[in-house]
$ cat start23.csv   # CSV, C-alpha atoms and all ligand atoms
chain,number,residue,atom,x,y,z
S,1,MET,CA,74.2,112.9,93.1
S,2,SER,CA,73.2,110.2,90.7
S,3,LEU,CA,73.6,109.3,87.1
S,4,ASN,CA,70.8,107.4,85.3
S,5,GLY,CA,69.3,106.8,88.7
S,6,ASN,CA,72.4,105.0,90.1
S,7,PRO,CA,74.3,106.2,93.2
S,8,VAL,CA,77.6,107.6,92.1
S,9,THR,CA,79.6,105.0,93.9
S,10,ASN,CA,78.1,102.3,91.8
S,11,VAL,CA,78.8,104.3,88.7
S,12,GLN,CA,82.4,104.6,89.7
S,13,GLN,CA,82.7,100.9,90.2
S,14,SER,CA,81.1,100.2,86.8
S,15,VAL,CA,83.6,102.5,85.0
S,16,ALA,CA,86.7,100.7,86.3
S,17,ARG,CA,88.0,99.2,83.1
S,18,ARG,CA,90.3,96.7,81.8
S,19,ALA,CA,93.9,97.8,81.9
S,20,PRO,CA,95.0,98.4,78.3
S,21,LEU,CA,98.2,96.7,77.3
S,22,VAL,CA,99.7,99.0,74.8
S,23,VAL,CA,102.0,97.8,72.1
S,24,PRO,CA,104.0,99.9,69.6
S,25,PRO,CA,102.0,100.6,66.5
S,26,GLY,CA,103.1,98.4,63.6
S,27,ASP,CA,104.4,95.5,65.8
S,28,ARG,CA,101.8,93.0,64.6
S,29,TRP,CA,103.4,90.0,66.0
S,30,LEU,CA,103.5,91.5,69.5
S,31,THR,CA,99.9,92.7,69.2
S,32,ARG,CA,98.7,89.2,68.3
S,33,GLN,CA,100.7,87.6,71.2
S,34,VAL,CA,99.5,90.1,73.8
S,35,GLU,CA,95.9,89.9,72.7
S,36,ARG,CA,96.0,86.1,72.8
S,37,LEU,CA,97.6,86.0,76.2
S,38,GLU,CA,95.3,88.7,77.6
S,39,ARG,CA,92.3,86.5,76.8
S,40,ARG,CA,93.9,83.7,79.0
S,41,LEU,CA,94.8,86.0,81.9
S,42,PRO,CA,92.4,87.1,84.7
S,43,ALA,CA,90.5,90.3,84.0
S,44,ALA,CA,92.5,93.3,85.3
S,45,ASP,CA,91.8,96.9,85.9
S,46,GLY,CA,94.3,99.8,85.9
S,47,SER,CA,95.9,102.4,83.8
S,48,PRO,CA,97.8,101.5,80.6
S,49,VAL,CA,100.9,99.3,80.6
S,50,TRP,CA,103.3,100.0,77.8
S,51,ILE,CA,105.0,96.9,76.3
S,52,GLU,CA,108.1,97.0,74.1
S,53,ARG,CA,110.6,94.5,72.7
S,54,VAL,CA,114.3,95.2,72.6
S,55,ALA,CA,117.2,93.3,71.3
S,56,ARG,CA,119.2,93.1,74.5
S,57,LEU,CA,118.6,93.8,78.2
S,58,HIS,CA,120.9,93.8,81.2
S,59,ASP,CA,120.2,93.9,84.9
S,60,GLY,CA,122.5,93.8,87.9
S,61,ARG,CA,123.5,90.2,87.2
S,62,GLY,CA,123.9,90.3,83.5
S,63,GLU,CA,121.7,89.4,80.5
S,64,ALA,CA,118.0,89.5,81.3
S,65,HIS,CA,114.8,88.3,79.5
S,66,ALA,CA,112.7,91.1,80.7
S,67,GLY,CA,112.3,94.0,83.1
S,68,SER,CA,109.3,95.8,84.4
S,69,PHE,CA,109.3,99.4,85.5
S,70,LEU,CA,106.2,99.1,87.7
S,71,ARG,CA,105.7,102.7,88.6
S,72,HIS,CA,106.4,103.9,85.1
S,73,ARG,CA,103.9,101.3,83.7
S,74,ARG,CA,106.5,99.9,81.3
S,75,MET,CA,107.4,96.3,80.4
S,76,VAL,CA,110.5,95.7,78.4
S,77,ILE,CA,111.1,92.2,76.9
S,78,ALA,CA,114.2,90.8,75.2
S,79,CYS,CA,113.5,87.0,74.9
S,80,SER,CA,113.0,84.6,71.9
S,81,ARG,CA,109.6,84.3,70.4
S,82,ALA,CA,109.3,80.8,71.8
S,83,GLU,CA,109.8,82.1,75.3
S,84,PHE,CA,107.6,85.2,74.9
S,85,PRO,CA,104.4,83.7,76.5
S,86,ARG,CA,106.1,82.6,79.7
S,87,VAL,CA,108.2,85.8,80.0
S,88,PHE,CA,105.2,88.1,79.3
S,89,VAL,CA,102.9,86.4,81.8
S,90,HIS,CA,105.6,86.4,84.4
S,91,GLU,CA,106.0,90.2,84.0
S,92,TRP,CA,102.2,90.7,84.0
S,93,PHE,CA,102.1,89.1,87.4
S,94,HIS,CA,104.7,91.5,88.7
S,95,PHE,CA,102.2,94.3,88.2
S,96,ALA,CA,99.5,92.2,89.8
S,97,TRP,CA,101.6,91.3,92.9
S,98,LEU,CA,102.4,95.0,93.5
S,99,ARG,CA,98.7,95.7,93.9
S,100,ALA,CA,97.5,92.4,95.3
S,101,GLY,CA,97.5,93.7,98.9
S,102,ASN,CA,99.2,92.2,102.0
S,103,PRO,CA,96.6,89.6,102.9
S,104,LEU,CA,96.8,87.9,99.5
S,105,ARG,CA,100.6,88.2,99.4
S,106,ARG,CA,100.9,86.8,103.0
S,107,ASP,CA,98.6,83.9,102.1
S,108,PHE,CA,100.8,82.9,99.1
S,109,GLU,CA,103.9,83.3,101.4
S,110,ALA,CA,102.3,80.8,103.9
S,111,LEU,CA,101.8,78.3,101.0
S,112,LEU,CA,105.5,78.6,100.1
S,113,ALA,CA,106.7,78.4,103.7
S,114,ALA,CA,104.7,75.1,104.1
S,115,GLU,CA,106.4,73.8,100.9
S,116,TYR,CA,109.8,74.9,102.3
S,117,ARG,CA,109.2,73.1,105.6
S,118,ALA,CA,108.1,70.0,103.6
S,119,GLY,CA,111.5,70.1,101.8
S,120,ALA,CA,110.0,70.8,98.4
S,121,ARG,CA,112.8,71.1,95.8
S,122,GLY,CA,112.4,72.8,92.4
S,123,GLU,CA,110.2,75.6,91.2
S,124,LEU,CA,108.2,76.7,88.2
S,125,GLY,CA,110.8,79.0,86.7
S,126,TRP,CA,114.5,79.8,87.1
S,127,SER,CA,113.8,83.2,88.4
S,128,ALA,CA,112.2,81.7,91.5
S,129,GLU,CA,114.4,78.6,91.6
S,130,TRP,CA,117.8,80.4,91.9
S,131,ARG,CA,116.4,82.6,94.7
S,132,LYS,CA,115.0,79.6,96.5
S,133,ASN,CA,118.3,77.8,96.3
S,134,ALA,CA,120.2,80.7,97.7
S,135,LEU,CA,117.9,81.1,100.8
S,136,SER,CA,119.0,80.0,104.3
S,137,GLY,CA,116.5,78.6,106.8
S,138,ALA,CA,117.0,81.7,109.0
S,139,GLU,CA,116.0,84.0,106.1
S,140,VAL,CA,112.8,82.0,105.6
S,141,ARG,CA,111.9,82.0,109.3
S,142,ARG,CA,112.4,85.8,109.8
S,143,ARG,CA,110.9,86.6,106.4
S,144,ALA,CA,114.0,88.4,105.2
S,145,ARG,CA,114.0,90.6,102.2
S,146,ARG,CA,115.4,87.8,100.0
S,147,TRP,CA,112.6,85.5,101.1
S,148,ARG,CA,110.0,88.1,100.1
S,149,GLU,CA,111.7,88.6,96.8
S,150,TYR,CA,111.6,84.8,96.2
S,151,CYS,CA,107.9,84.8,97.1
S,152,CYS,CA,107.2,87.5,94.5
S,153,GLU,CA,109.2,85.6,91.8
S,154,SER,CA,107.5,82.4,92.7
S,155,LEU,CA,104.1,83.9,92.3
S,156,CYS,CA,105.1,85.3,88.9
S,157,ASP,CA,106.6,81.9,87.7
S,158,THR,CA,103.5,80.0,89.0
S,159,GLY,CA,101.3,82.4,87.1
S,160,ALA,CA,103.3,81.9,84.0
S,161,TRP,CA,103.2,78.1,84.4
S,162,LEU,CA,99.4,78.3,84.7
S,163,TYR,CA,98.5,81.0,82.1
S,164,ALA,CA,101.1,81.1,79.4
S,165,GLY,CA,99.8,77.9,77.7
S,166,VAL,CA,103.2,76.2,77.9
S,167,ALA,CA,102.6,72.6,79.0
S,168,ARG,CA,106.2,71.5,79.3
S,169,HIS,CA,109.4,73.3,80.0
S,170,ALA,CA,112.9,72.4,81.4
S,171,GLU,CA,112.3,75.0,84.2
S,172,PHE,CA,109.2,73.3,85.6
S,173,THR,CA,111.0,71.3,88.2
S,174,LEU,CA,108.6,71.5,91.2
S,175,ALA,CA,107.2,68.1,92.2
S,176,ALA,CA,103.7,67.3,91.0
S,177,ARG,CA,102.0,67.3,94.5
S,178,PHE,CA,103.3,70.8,95.2
S,179,ARG,CA,102.2,72.0,91.7
S,180,GLY,CA,98.7,70.7,92.6
S,181,ARG,CA,98.7,72.9,95.7
S,182,ARG,CA,99.8,76.0,93.7
S,183,GLN,CA,97.1,75.3,91.1
S,184,ALA,CA,94.5,75.0,93.9
S,185,TRP,CA,95.7,78.3,95.5
S,186,PHE,CA,95.4,80.1,92.2
S,187,ALA,CA,92.0,78.6,91.5
S,188,HIS,CA,90.8,79.9,94.9
S,189,HIS,CA,92.4,83.3,95.0
S,190,ILE,CA,93.1,84.4,91.4
S,191,ALA,CA,91.0,82.6,88.8
S,192,GLY,CA,87.7,84.4,87.9
S,193,ARG,CA,88.6,87.5,90.0
S,194,ARG,CA,89.2,90.9,88.7
S,195,MET,CA,92.7,91.9,89.5
S,196,SER,CA,94.4,95.3,89.7
S,197,ILE,CA,97.6,95.7,87.8
Y,1,ZN,ZN,110.4,88.4,87.9
$ encode --input "start23.csv" --output "structure tokens" --more "lines below"
Ligand SMILES: [Zn+2]
Amino acid sequence: MSLNGNPVTNVQQSVARRAPLVVPPGDRWLTRQVERLERRLPAADGSPVWIERVARLHDGRGEAHAGSFLRHRRMVIACSRAEFPRVFVHEWFHFAWLRAGNPLRRDFEALLAAEYRAGARGELGWSAEWRKNALSGAEVRRRARRWREYCCESLCDTGAWLYAGVARHAEFTLAARFRGRRQAWFAHHIAGRRMSI
């Protein structure tokens, strides 16, 4: 079977489309922010992701900036306007990490394990940093659940550092030489690629 002379497999690839980020109608500020950040982020395919702002949000540890319900395709954000770009991009990368596949995830883990062995302190966001500070060497070596959670948060914080357009922030505490390696990893594995979210 073919359409316009093309094998169907090619047609299916060509209809994969940019994942729509859906904002409540009437929220013009959120619409502008999301459109601006979407232009900075890698292209991404997938079904719609619904984004909403709420006044307050709590998770298991208390007040939270945001939460993503990955399988329900929902992102709920409760941060200040100033923090929105970092928080939104962090959450966007949670969707990307879920679908990134094990080879890519393991490659990023290897980068972080090398940093850990080199004694790198600090991170590119508090979400990754507190998890990193709570890890034991044994958890790192056996790739414990808390280590893998840290790797996920670190990927999201690194993505936010690179794509949110925020040059300076008190939570960017990772030393410059390790930041350079993260940037190179993203340039090689993420930038210019189509992602699934
Ligand atoms: Zn997170």
$ atom_distance --input "start23.csv" --atom1 "atom CA of Arg179 of chain S" --atom2 "atom CA of Leu155 of chain S"
12.1 Å
$ atom_distance --input "start23.csv" --atom1 "atom CA of His188 of chain S" --atom2 "atom CA of Pro42 of chain S"
12.6 Å
$ residues_around --input "start23.csv" --residues "segment 142-151 of chain S" --least-positions-apart "6" --cutoff "9 Å" --atoms "only C-alpha atoms" --output "mmCIF file with C-alpha atoms, in the coordinates of the input"
data_model
loop_
_atom_site.group_PDB
_atom_site.id
_atom_site.type_symbol
_atom_site.label_atom_id
_atom_site.label_comp_id
_atom_site.auth_asym_id
_atom_site.auth_seq_id
_atom_site.Cartn_x
_atom_site.Cartn_y
_atom_site.Cartn_z
ATOM 1 C CA ARG S 105 100.600 88.200 99.400
ATOM 2 C CA PHE S 108 100.800 82.900 99.100
ATOM 3 C CA GLU S 109 103.900 83.300 101.400
ATOM 4 C CA LEU S 112 105.500 78.600 100.100
ATOM 5 C CA SER S 127 113.800 83.200 88.400
ATOM 6 C CA ALA S 128 112.200 81.700 91.500
ATOM 7 C CA GLU S 129 114.400 78.600 91.600
ATOM 8 C CA TRP S 130 117.800 80.400 91.900
ATOM 9 C CA ARG S 131 116.400 82.600 94.700
ATOM 10 C CA LYS S 132 115.000 79.600 96.500
ATOM 11 C CA ALA S 134 120.200 80.700 97.700
ATOM 12 C CA LEU S 135 117.900 81.100 100.800
#
$ residues_around --input "start23.csv" --residues "segment 158-174 of chain S" --least-positions-apart "3" --cutoff "6 Å" --atoms "only C-alpha atoms" --output "list in words"
Pro85, Arg86, Val89, His90, Gly122, Glu123, Leu124, Gly125, Ser154 and Leu155 of chain S
$ closest_residue --input "start23.csv" --among "S:Trp126, S:Ser68, S:Arg99, S:Gln33" --to "Arg81 of chain S" --atoms "only C-alpha atoms"
S:Gln33
$ residues_near_ligand --input "start23.csv" --ligand "ligand ZN 1 (chain Y)" --cutoff "8 Å" --atoms "all atoms listed in the file" --output "CSV table (one decimal) with C-alpha atoms, keeping the file's coordinate frame"
chain,number,residue,atom,x,y,z
S,67,GLY,CA,112.3,94.0,83.1
S,90,HIS,CA,105.6,86.4,84.4
S,91,GLU,CA,106.0,90.2,84.0
S,94,HIS,CA,104.7,91.5,88.7
S,127,SER,CA,113.8,83.2,88.4
S,128,ALA,CA,112.2,81.7,91.5
S,152,CYS,CA,107.2,87.5,94.5
S,153,GLU,CA,109.2,85.6,91.8
S,156,CYS,CA,105.1,85.3,88.9
S,157,ASP,CA,106.6,81.9,87.7
$ closest_residue --input "start23.csv" --among "S:Ile77, S:Val87, S:Leu111, S:Ala138" --to "Gln183 of chain S" --atoms "all atoms listed in the file"
S:Leu111
$ atom_distance --input "start23.csv" --atom1 "atom CA of His189 of chain S" --atom2 "atom CA of Phe93 of chain S"
13.6 Å
$ residues_around --input "start23.csv" --residues "segment 47-60 of chain S" --least-positions-apart "3" --cutoff "9 Å" --atoms "only C-alpha atoms" --output "PyMOL selection string"
chain S and resi 17-24+30+63-67+70+72-79+197
$ closest_residue --input "start23.csv" --among "S:Phe95, S:Phe178, S:Phe84, S:Trp185" --to "Asp45 of chain S" --atoms "all atoms listed in the file"
S:Phe95
$ closest_residue --input "start23.csv" --among "S:Phe88, S:Arg40, S:Arg121, S:Tyr116" --to "Ala176 of chain S" --atoms "all atoms listed in the file"
S:Arg121
$ residues_near_point --input "start23.csv" --point "(91.7, 96.7, 90.6)" --cutoff "7 Å" --atoms "all atoms listed in the file" --output "PyMOL selection string"
chain S and resi 44-46+194-197
$ closest_residue --input "start23.csv" --among "S:Leu98, S:Ala175, S:Ile190, S:Val34" --to "Ala118 of chain S" --atoms "only C-alpha atoms"
S:Ala175
$ residues_around --input "start23.csv" --residues "Ala114 of chain S" --least-positions-apart "5" --cutoff "12 Å" --atoms "all atoms listed in the file" --output "VMD selection string"
chain S and resid 107 to 109 119 to 120 140 to 141 178 181 to 182
$ write_last_selection --input "start23.csv" --atoms "C-alpha atoms" --output "PDB file, in the frame of the given file"
ATOM      1  CA  ASP S 107      98.600  83.900 102.100  1.00  0.00           C
ATOM      2  CA  PHE S 108     100.800  82.900  99.100  1.00  0.00           C
ATOM      3  CA  GLU S 109     103.900  83.300 101.400  1.00  0.00           C
ATOM      4  CA  GLY S 119     111.500  70.100 101.800  1.00  0.00           C
ATOM      5  CA  ALA S 120     110.000  70.800  98.400  1.00  0.00           C
ATOM      6  CA  VAL S 140     112.800  82.000 105.600  1.00  0.00           C
ATOM      7  CA  ARG S 141     111.900  82.000 109.300  1.00  0.00           C
ATOM      8  CA  PHE S 178     103.300  70.800  95.200  1.00  0.00           C
ATOM      9  CA  ARG S 181      98.700  72.900  95.700  1.00  0.00           C
ATOM     10  CA  ARG S 182      99.800  76.000  93.700  1.00  0.00           C
TER      11      ARG S 182
END
$ closest_residue --input "start23.csv" --among "S:Gly62, S:Trp92, S:Asn133, S:Ala82" --to "Leu37 of chain S" --atoms "only C-alpha atoms"
S:Trp92
$ build_atoms --input "start23.csv" --residues "segment 140-167 of chain S" --atoms "N, CA and C atoms" --output "PDB file, in the coordinates of the input"
ATOM      1  N   VAL S 140     114.225  82.371 105.808  1.00  0.00           N
ATOM      2  CA  VAL S 140     112.800  82.000 105.600  1.00  0.00           C
ATOM      3  C   VAL S 140     112.062  82.292 106.924  1.00  0.00           C
ATOM      4  N   ARG S 141     112.630  81.887 108.071  1.00  0.00           N
ATOM      5  CA  ARG S 141     111.900  82.000 109.300  1.00  0.00           C
ATOM      6  C   ARG S 141     111.656  83.495 109.685  1.00  0.00           C
ATOM      7  N   ARG S 142     112.642  84.374 109.402  1.00  0.00           N
ATOM      8  CA  ARG S 142     112.400  85.800 109.800  1.00  0.00           C
ATOM      9  C   ARG S 142     111.855  86.595 108.601  1.00  0.00           C
ATOM     10  N   ARG S 143     111.439  85.918 107.542  1.00  0.00           N
ATOM     11  CA  ARG S 143     110.900  86.600 106.400  1.00  0.00           C
ATOM     12  C   ARG S 143     111.761  87.724 105.902  1.00  0.00           C
ATOM     13  N   ALA S 144     112.996  87.399 105.686  1.00  0.00           N
ATOM     14  CA  ALA S 144     114.000  88.400 105.200  1.00  0.00           C
ATOM     15  C   ALA S 144     113.614  88.900 103.840  1.00  0.00           C
ATOM     16  N   ARG S 145     114.241  89.997 103.461  1.00  0.00           N
ATOM     17  CA  ARG S 145     114.000  90.600 102.200  1.00  0.00           C
ATOM     18  C   ARG S 145     114.131  89.608 101.017  1.00  0.00           C
ATOM     19  N   ARG S 146     115.206  88.792 101.093  1.00  0.00           N
ATOM     20  CA  ARG S 146     115.400  87.800 100.000  1.00  0.00           C
ATOM     21  C   ARG S 146     114.344  86.766  99.952  1.00  0.00           C
ATOM     22  N   TRP S 147     113.778  86.418 101.094  1.00  0.00           N
ATOM     23  CA  TRP S 147     112.600  85.500 101.100  1.00  0.00           C
ATOM     24  C   TRP S 147     111.433  86.135 100.424  1.00  0.00           C
ATOM     25  N   ARG S 148     111.151  87.407 100.733  1.00  0.00           N
ATOM     26  CA  ARG S 148     110.000  88.100 100.100  1.00  0.00           C
ATOM     27  C   ARG S 148     110.190  88.264  98.633  1.00  0.00           C
ATOM     28  N   GLU S 149     111.432  88.502  98.225  1.00  0.00           N
ATOM     29  CA  GLU S 149     111.700  88.600  96.800  1.00  0.00           C
ATOM     30  C   GLU S 149     111.456  87.232  96.102  1.00  0.00           C
ATOM     31  N   TYR S 150     111.885  86.180  96.779  1.00  0.00           N
ATOM     32  CA  TYR S 150     111.600  84.800  96.200  1.00  0.00           C
ATOM     33  C   TYR S 150     110.115  84.610  96.103  1.00  0.00           C
ATOM     34  N   CYS S 151     109.343  84.998  97.110  1.00  0.00           N
ATOM     35  CA  CYS S 151     107.900  84.800  97.100  1.00  0.00           C
ATOM     36  C   CYS S 151     107.278  85.511  95.866  1.00  0.00           C
ATOM     37  N   CYS S 152     107.736  86.721  95.608  1.00  0.00           N
ATOM     38  CA  CYS S 152     107.200  87.500  94.500  1.00  0.00           C
ATOM     39  C   CYS S 152     107.574  86.755  93.157  1.00  0.00           C
ATOM     40  N   GLU S 153     108.824  86.327  93.003  1.00  0.00           N
ATOM     41  CA  GLU S 153     109.200  85.600  91.800  1.00  0.00           C
ATOM     42  C   GLU S 153     108.481  84.307  91.611  1.00  0.00           C
ATOM     43  N   SER S 154     108.239  83.646  92.726  1.00  0.00           N
ATOM     44  CA  SER S 154     107.500  82.400  92.700  1.00  0.00           C
ATOM     45  C   SER S 154     106.086  82.560  92.237  1.00  0.00           C
ATOM     46  N   LEU S 155     105.457  83.609  92.736  1.00  0.00           N
ATOM     47  CA  LEU S 155     104.100  83.900  92.300  1.00  0.00           C
ATOM     48  C   LEU S 155     104.070  84.159  90.793  1.00  0.00           C
ATOM     49  N   CYS S 156     105.047  84.923  90.305  1.00  0.00           N
ATOM     50  CA  CYS S 156     105.100  85.300  88.900  1.00  0.00           C
ATOM     51  C   CYS S 156     105.374  84.020  88.030  1.00  0.00           C
ATOM     52  N   ASP S 157     106.283  83.174  88.496  1.00  0.00           N
ATOM     53  CA  ASP S 157     106.600  81.900  87.700  1.00  0.00           C
ATOM     54  C   ASP S 157     105.412  80.974  87.780  1.00  0.00           C
ATOM     55  N   THR S 158     104.718  80.911  88.910  1.00  0.00           N
ATOM     56  CA  THR S 158     103.500  80.000  89.000  1.00  0.00           C
ATOM     57  C   THR S 158     102.452  80.535  88.059  1.00  0.00           C
ATOM     58  N   GLY S 159     102.256  81.857  88.032  1.00  0.00           N
ATOM     59  CA  GLY S 159     101.300  82.400  87.100  1.00  0.00           C
ATOM     60  C   GLY S 159     101.633  82.115  85.667  1.00  0.00           C
ATOM     61  N   ALA S 160     102.910  82.206  85.325  1.00  0.00           N
ATOM     62  CA  ALA S 160     103.300  81.900  84.000  1.00  0.00           C
ATOM     63  C   ALA S 160     103.115  80.430  83.635  1.00  0.00           C
ATOM     64  N   TRP S 161     103.396  79.565  84.599  1.00  0.00           N
ATOM     65  CA  TRP S 161     103.200  78.100  84.400  1.00  0.00           C
ATOM     66  C   TRP S 161     101.679  77.866  84.120  1.00  0.00           C
ATOM     67  N   LEU S 162     100.798  78.568  84.814  1.00  0.00           N
ATOM     68  CA  LEU S 162      99.400  78.300  84.700  1.00  0.00           C
ATOM     69  C   LEU S 162      98.738  79.003  83.470  1.00  0.00           C
ATOM     70  N   TYR S 163      99.199  80.197  83.115  1.00  0.00           N
ATOM     71  CA  TYR S 163      98.500  81.000  82.100  1.00  0.00           C
ATOM     72  C   TYR S 163      99.148  81.186  80.792  1.00  0.00           C
ATOM     73  N   ALA S 164     100.414  80.807  80.645  1.00  0.00           N
ATOM     74  CA  ALA S 164     101.100  81.100  79.400  1.00  0.00           C
ATOM     75  C   ALA S 164     100.753  80.054  78.296  1.00  0.00           C
ATOM     76  N   GLY S 165     100.140  78.941  78.681  1.00  0.00           N
ATOM     77  CA  GLY S 165      99.800  77.900  77.700  1.00  0.00           C
ATOM     78  C   GLY S 165     100.990  77.077  77.285  1.00  0.00           C
ATOM     79  N   VAL S 166     101.977  76.978  78.165  1.00  0.00           N
ATOM     80  CA  VAL S 166     103.200  76.200  77.900  1.00  0.00           C
ATOM     81  C   VAL S 166     103.067  74.920  78.810  1.00  0.00           C
ATOM     82  N   ALA S 167     102.874  73.768  78.194  1.00  0.00           N
ATOM     83  CA  ALA S 167     102.600  72.600  79.000  1.00  0.00           C
ATOM     84  C   ALA S 167     103.889  71.994  79.612  1.00  0.00           C
TER      85      ALA S 167
END
